[in-house]
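Asks: Before I ask anything, here is the structure I am working with.
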Amino acid sequence: MKIIYTSHLEFRLKVRNIHYDLPRKVFKQAKEHYYDNLTKHYIAIHQFEFGGKIRDVALTYDIKNDLVEIITIHPIKPYQKLSRINSGRWKKYEQ
């Protein structure tokens with residue numbers, strides 16, 4: 001699959017001072033993938049060092065034919081992830 005970055009993602013990488021290759025690594029290495037029933041996007045979660053700490057990073061993406069379009073990336077707190085799973089907003093997605 002080909003991976004492309006949206007202009008929004010590229011802007012967020014600069015604003016949040018995130019290395020350009022991190023979204024690609026998160027997508028490829030993530031063990032957790034979800035489908036967000038509210039936004040209709042896919043979410044990948046993986047741990048990386050972010051801001052000097054090991055944190056969960058959430059990557060939002062879409063799948064279009066044989067193309068992965070990464071929309072945005074941000075750190076996510078454990079309670080945020082759990083509340084979205086427990087509420088049913090996020091459903092497990094097997095890649």
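Residue numbering restarts at 1 in every chain; chains get A, B, ... in the order shown in the structure tokens, and ligands count up from 1 in that same order.
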Going by DSSP on the backbone, which residues of segment 6-87 of chain A come out as helix (DSSP H, G or I)? List them as number ranges by chain.

Replies: A: 7-15, 22-29, 78-86

Asks: Residues near Ile73 of chain A, anyone? I mean within 12 Å using only C-alpha atoms, not counting same-chain ones fewer than 6 positions away, as a PyMOL selection string.

Replies: chain A and resi 5-6+8-27+42-46+48+50+56-61

Asks: Considering only C-alpha atoms, state which residue in the set A:Lys28, A:Lys40, A:Arg55, A:Lys2 is at the smallest distance from Lys81 of chain A.

Replies: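 Between A:Lys28, A:Lys40, A:Arg55, A:Lys2, the residue approaching Lys81 of chain A most closely is A:Arg55.
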
Asks: Have a look at atom CA of Lys91 of chain A and atom CA of Ile4 of chain A and let me know their distance in Å, one decimal.

Replies: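 Taking atom CA of Lys91 of chain A as the start and atom CA of Ile4 of chain A as the end point, the length is 23.8 Å.
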
Asks: In Å to one decimal, how far is atom CA of Asn37 of chain A from atom CA of Ile76 of chain A?

Replies: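 Spanning atom CA of Ile76 of chain A to atom CA of Asn37 of chain A is a straight-line distance of 17.8 Å.
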
Asks: Write out as an NGL selection string all residues of chain A that DSSP puts in strand (DSSP E or B) for this structure's backbone.

Replies: :A and (2-5 or 32-36 or 41-50 or 53-64 or 67-76 or 90-92)

Asks: Can you list, as a PDB file with N, CA and C atoms, in the first residue's frame, every protein, DNA or RNA residue that comes within 10 Å of Ser7 of chain A when you count only C-alpha atoms, leaving out same-chain residues fewer than 6 positions away?

Replies:
ATOM      1  N   LEU A  13       2.712  18.158  11.876  1.00  0.00           N
ATOM      2  CA  LEU A  13       4.067  17.682  12.162  1.00  0.00           C
ATOM      3  C   LEU A  13       4.977  18.858  12.508  1.00  0.00           C
ATOM      4  N   ILE A  70      -2.860   9.482   5.436  1.00  0.00           N
ATOM      5  CA  ILE A  70      -2.747   9.819   6.858  1.00  0.00           C
ATOM      6  C   ILE A  70      -3.187  11.261   7.043  1.00  0.00           C
ATOM      7  N   ILE A  71      -4.173  11.430   7.940  1.00  0.00           N
ATOM      8  CA  ILE A  71      -4.827  12.726   8.126  1.00  0.00           C
ATOM      9  C   ILE A  71      -4.166  13.554   9.215  1.00  0.00           C
ATOM     10  N   THR A  72      -3.928  12.942  10.386  1.00  0.00           N
ATOM     11  CA  THR A  72      -3.322  13.683  11.489  1.00  0.00           C
ATOM     12  C   THR A  72      -2.703  12.719  12.484  1.00  0.00           C
TER      13      THR A  72
END

Asks: May I ask which of the residues A:Asp62, A:Lys77, A:Glu69, A:Ser87 is the closest one to Thr39 of chain A, counting only C-alpha atoms?

Replies: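 For Thr39 of chain A, the nearest of the candidates is A:Asp62.
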
Asks: May I ask which of the residues A:Glu49, A:Gln29, A:Gln95, A:Gly88 is the closest one to Ile63 of chain A, counting only C-alpha atoms?

Replies: A:Gln95

Asks: Between A:Pro75, A:Met1, A:Arg89, A:Gln47, which one has atoms that come closest to Lys31 of chain A, using only C-alpha atoms?

Replies: A:Gln47

Asks: With only C-alpha atoms as the basis for distance, which of A:Ile54, A:Ser83, A:Pro78, A:Lys64 is at the shortest distance from His41 of chain A?

Replies: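 Smallest distance to His41 of chain A is found for A:Lys64.
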
Asks: Please report the interatomic distance between atom CA of Trp90 of chain A and atom CA of Glu32 of chain A in Å with one decimal.

Replies: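 Distance reported for this atom pair: 11.0 Å.
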